[in-house]
Amino acid sequence: METRQDVAISDLLETAIKAAHAGGGVLQDWIGRFSVTEKRRADLVTEADHASQKLIHEIVSTRFPDHGFLGEEGLCEVSATSDYRWVIDPLDGTSNYVHGFPYYAVSIGIQKSNELVAAIVFDPNREETFSAAKGVGTLLNGRPIKTSGETRTSMAMAMASLPIGAAATDPAVNRFLKSMSHLQTVQRSGSAAMNLACLACGRIDAFWSTSLKPWDMAAGVLLVQEAGGVVTAIDGSPIDIMVPSLLAASSEKIATDLVTILA
């Protein structure tokens, strides 16, 4: 059983990759079982979500039986003997998954004493594995990646999250509309984990949200930070994954500009 001693980052990442790939495989296997009826489809997606998380949990807990867990599907295990916690989203981008839109992922962030130390985001559609380790950097399928480094908001492509069913008066909608005249383009994609992974490898230049859960962003935050990006709360204060406020950018300049634009 693990104690409060450090675990090698390579061991954490190896297990996280194995678990994420297994969870992604479950998601892909379940796609063919969907019914045309919306209620039945929703039920099956819930089952797929739970099945993915169950397998991920089994793989990780077999290797690290004393570690803690926090997961989207009701998973909350506090460890009395280890400082490590795995923050798991077995399916980030549920609506995309339901509709067959290939923009969803498995997200696994690993904390030690509440500090993110390792992360995996796995895109099962493109078979892309984004990984990061604290102080080491970010990889895509084993190759180092960096953010775009873009500093001009006028040239930036951004993603924004809006709460499901947001009213026209919702502050998130107002921020979205305000940003449009400052950025080259702003989109709503439906997967925070994928947005942060795409930011880490330079495909987009910014992403913000005030409606995320810890498991939505835990892995992606470290991916962006280790790829040279900036991650704060939406007001520019230090990021806390337990608080639903995130602003991630390819550079300090864009991050600073967006804090003002989105205020």
# chains A, B, ... in the order shown; residues from 1 in each chain; ligands from 1
>>> residues_around(residues="region 9-23 of chain A", least_positions_apart="4", cutoff="6 Å", atoms="only C-alpha atoms", output="list in words")
Ser52, Ile56, Ile59 and Val106 of chain A
>>> closest_atom_pairs(of="region 188-247 of chain A", to="region 121-126 of chain A", cutoff="9 Å", atoms="only C-alpha atoms", output="Markdown table")
| residue | atom | partner | partner_atom | distance |
| --- | --- | --- | --- | --- |
| A:Ala193 | CA | A:Val121 | CA | 6.8 |
| A:Met194 | CA | A:Val121 | CA | 7.5 |
| A:Ala197 | CA | A:Val121 | CA | 7.0 |
| A:Ala219 | CA | A:Val121 | CA | 6.6 |
| A:Gly220 | CA | A:Val121 | CA | 7.2 |
| A:Leu223 | CA | A:Val121 | CA | 8.5 |
>>> closest_atom_pairs(of="region 163-211 of chain A", to="region 229-232 of chain A", cutoff="12 Å", atoms="only C-alpha atoms", output="CSV")
residue,atom,partner,partner_atom,distance
A:Leu196,CA,A:Val231,CA,10.0
A:Ala197,CA,A:Gly229,CA,11.2
A:Cys198,CA,A:Gly229,CA,11.6
A:Leu199,CA,A:Gly229,CA,8.1
A:Ala200,CA,A:Gly229,CA,7.0
A:Cys201,CA,A:Gly229,CA,9.9
A:Gly202,CA,A:Gly229,CA,9.7
A:Ile204,CA,A:Gly229,CA,11.4
A:Asp205,CA,A:Gly229,CA,9.1
A:Ala206,CA,A:Gly229,CA,9.3
A:Phe207,CA,A:Val231,CA,9.4
A:Trp208,CA,A:Val231,CA,9.5
A:Ser209,CA,A:Thr232,CA,10.9
A:Thr210,CA,A:Thr232,CA,11.7
>>> write_last_selection(atoms="C-alpha atoms", output="PDB file, in the first residue's frame")
ATOM      1  CA  LEU A 196      -7.467  23.176 -22.905  1.00  0.00           C
ATOM      2  CA  ALA A 197      -5.624  20.426 -24.779  1.00  0.00           C
ATOM      3  CA  CYS A 198      -6.025  22.347 -28.041  1.00  0.00           C
ATOM      4  CA  LEU A 199      -4.771  25.488 -26.331  1.00  0.00           C
ATOM      5  CA  ALA A 200      -1.725  23.611 -25.054  1.00  0.00           C
ATOM      6  CA  CYS A 201      -0.735  22.553 -28.568  1.00  0.00           C
ATOM      7  CA  GLY A 202      -1.413  25.884 -30.273  1.00  0.00           C
ATOM      8  CA  ILE A 204      -6.510  27.829 -30.217  1.00  0.00           C
ATOM      9  CA  ASP A 205      -5.275  30.819 -28.233  1.00  0.00           C
ATOM     10  CA  ALA A 206      -7.655  31.263 -25.296  1.00  0.00           C
ATOM     11  CA  PHE A 207     -10.468  29.635 -23.331  1.00  0.00           C
ATOM     12  CA  TRP A 208     -12.613  30.804 -20.444  1.00  0.00           C
ATOM     13  CA  SER A 209     -15.485  29.564 -18.329  1.00  0.00           C
ATOM     14  CA  THR A 210     -17.309  30.249 -15.070  1.00  0.00           C
TER      15      THR A 210
END
>>> atom_distance(atom1="CA of Glu150 (chain A)", atom2="CA of Thr260 (chain A)")
17.4 Å
>>> residues_around(residues="region 157-160 of chain A", least_positions_apart="6", cutoff="12 Å", atoms="only C-alpha atoms", output="ChimeraX atom specification")
/A:148,150-151,172-180,182-199,202-212,234,245-250,254-255,258,262
>>> closest_residue(among="A:Asp83, A:Arg152, A:Ala119, A:Leu91", to="Leu139 (chain A)", atoms="only C-alpha atoms")
A:Ala119
>>> residues_around(residues="Asp240 (chain A)", least_positions_apart="6", cutoff="10 Å", atoms="only C-alpha atoms", output="ChimeraX atom specification")
/A:114-115,214,217-218,221,231-233,246
>>> select_by_dssp(residues="region 101-232 of chain A", states="alpha helix (DSSP H)", output="PyMOL selection string")
chain A and resi 171-179+192-200+214-226
>>> write_last_selection(atoms="C-alpha atoms", output="compact mmCIF listing (two decimals), in the first residue's frame")
# COMPACT_ATOMS: atom_id res chain seq x y z
CA PRO A 171 -23.28 37.14 -17.44
CA ALA A 172 -21.55 34.35 -19.38
CA VAL A 173 -23.58 35.24 -22.47
CA ASN A 174 -22.68 38.90 -22.03
CA ARG A 175 -18.98 38.04 -21.80
CA PHE A 176 -19.26 35.94 -24.94
CA LEU A 177 -20.86 38.80 -26.88
CA LYS A 178 -18.39 41.38 -25.56
CA SER A 179 -15.43 39.27 -26.62
CA ALA A 192 -13.36 22.04 -21.60
CA ALA A 193 -10.78 19.27 -21.55
CA MET A 194 -10.46 19.32 -25.33
CA ASN A 195 -10.34 23.12 -25.38
CA LEU A 196 -7.47 23.18 -22.90
CA ALA A 197 -5.62 20.43 -24.78
CA CYS A 198 -6.03 22.35 -28.04
CA LEU A 199 -4.77 25.49 -26.33
CA ALA A 200 -1.73 23.61 -25.05
CA PRO A 214 -12.91 20.38 -10.88
CA TRP A 215 -12.85 17.28 -13.09
CA ASP A 216 -13.57 19.37 -16.20
CA MET A 217 -10.38 21.38 -15.87
CA ALA A 218 -7.90 19.63 -13.56
CA ALA A 219 -5.89 17.90 -16.29
CA GLY A 220 -6.20 20.71 -18.83
CA VAL A 221 -4.91 23.36 -16.45
CA LEU A 222 -1.59 21.55 -16.08
CA LEU A 223 -1.40 20.85 -19.82
CA VAL A 224 -1.60 24.57 -20.58
CA GLN A 225 0.73 25.67 -17.79
CA GLU A 226 3.43 23.20 -18.77
>>> atom_distance(atom1="CA of Glu72 (chain A)", atom2="CA of Ser107 (chain A)")
10.5 Å
>>> select_by_dssp(residues="region 25-218 of chain A", states="strand (DSSP E)", output="number ranges by chain")
A: 68-71, 75-77, 84-92, 105-112, 115-123, 128-133, 137-140, 143-145, 157-160, 185-187, 206-209
>>> write_last_selection(atoms="C-alpha atoms", output="mmCIF file, in the first residue's frame")
data_model
loop_
_atom_site.group_PDB
_atom_site.id
_atom_site.type_symbol
_atom_site.label_atom_id
_atom_site.label_comp_id
_atom_site.auth_asym_id
_atom_site.auth_seq_id
_atom_site.Cartn_x
_atom_site.Cartn_y
_atom_site.Cartn_z
ATOM 1 C CA GLY A 68 -7.810 9.424 -3.132
ATOM 2 C CA PHE A 69 -10.300 10.018 -5.950
ATOM 3 C CA LEU A 70 -12.691 12.702 -7.125
ATOM 4 C CA GLY A 71 -14.800 11.933 -10.169
ATOM 5 C CA LEU A 75 -16.745 9.267 -7.104
ATOM 6 C CA CYS A 76 -15.283 10.730 -3.916
ATOM 7 C CA GLU A 77 -12.721 8.771 -1.912
ATOM 8 C CA TYR A 84 -2.326 11.899 -3.904
ATOM 9 C CA ARG A 85 -5.756 12.450 -5.431
ATOM 10 C CA TRP A 86 -6.941 11.517 -8.920
ATOM 11 C CA VAL A 87 -9.476 13.942 -10.419
ATOM 12 C CA ILE A 88 -11.340 12.100 -13.168
ATOM 13 C CA ASP A 89 -13.793 13.019 -15.891
ATOM 14 C CA PRO A 90 -14.574 9.805 -17.776
ATOM 15 C CA LEU A 91 -16.427 11.720 -20.515
ATOM 16 C CA ASP A 92 -15.899 15.430 -20.976
ATOM 17 C CA ALA A 105 -12.269 13.249 -24.140
ATOM 18 C CA VAL A 106 -11.234 11.378 -21.043
ATOM 19 C CA SER A 107 -9.569 13.704 -18.539
ATOM 20 C CA ILE A 108 -7.401 12.671 -15.588
ATOM 21 C CA GLY A 109 -5.580 15.128 -13.349
ATOM 22 C CA ILE A 110 -3.389 13.999 -10.461
ATOM 23 C CA GLN A 111 -2.804 16.132 -7.384
ATOM 24 C CA LYS A 112 -0.278 15.820 -4.569
ATOM 25 C CA GLU A 115 -1.065 20.680 -6.300
ATOM 26 C CA LEU A 116 -1.458 19.367 -9.835
ATOM 27 C CA VAL A 117 1.556 17.185 -10.639
ATOM 28 C CA ALA A 118 0.483 15.093 -13.643
ATOM 29 C CA ALA A 119 -2.263 15.122 -16.247
ATOM 30 C CA ILE A 120 -3.712 13.182 -19.159
ATOM 31 C CA VAL A 121 -6.356 14.163 -21.704
ATOM 32 C CA PHE A 122 -7.134 11.418 -24.202
ATOM 33 C CA ASP A 123 -9.089 12.073 -27.403
ATOM 34 C CA GLU A 128 -4.306 11.789 -29.318
ATOM 35 C CA THR A 129 -2.846 11.541 -25.835
ATOM 36 C CA PHE A 130 -1.945 14.847 -24.181
ATOM 37 C CA SER A 131 0.224 14.436 -21.096
ATOM 38 C CA ALA A 132 1.973 16.776 -18.694
ATOM 39 C CA ALA A 133 4.106 16.600 -15.574
ATOM 40 C CA GLY A 137 6.469 20.039 -19.953
ATOM 41 C CA THR A 138 3.547 18.883 -22.075
ATOM 42 C CA LEU A 139 3.537 16.149 -24.700
ATOM 43 C CA LEU A 140 1.195 15.112 -27.500
ATOM 44 C CA ARG A 143 6.265 14.778 -28.591
ATOM 45 C CA PRO A 144 6.773 18.138 -26.813
ATOM 46 C CA ILE A 145 4.185 20.817 -27.538
ATOM 47 C CA MET A 157 -9.082 32.142 -31.800
ATOM 48 C CA ALA A 158 -10.861 31.510 -28.515
ATOM 49 C CA MET A 159 -13.290 29.060 -26.980
ATOM 50 C CA ALA A 160 -15.839 29.921 -24.299
ATOM 51 C CA THR A 185 -13.118 34.368 -33.640
ATOM 52 C CA VAL A 186 -14.773 32.913 -30.552
ATOM 53 C CA GLN A 187 -16.512 29.533 -30.450
ATOM 54 C CA ALA A 206 -7.655 31.263 -25.296
ATOM 55 C CA PHE A 207 -10.468 29.635 -23.331
ATOM 56 C CA TRP A 208 -12.613 30.804 -20.444
ATOM 57 C CA SER A 209 -15.485 29.564 -18.329
#
>>> atom_distance(atom1="CA of Asp66 (chain A)", atom2="CA of Ser79 (chain A)")
6.3 Å
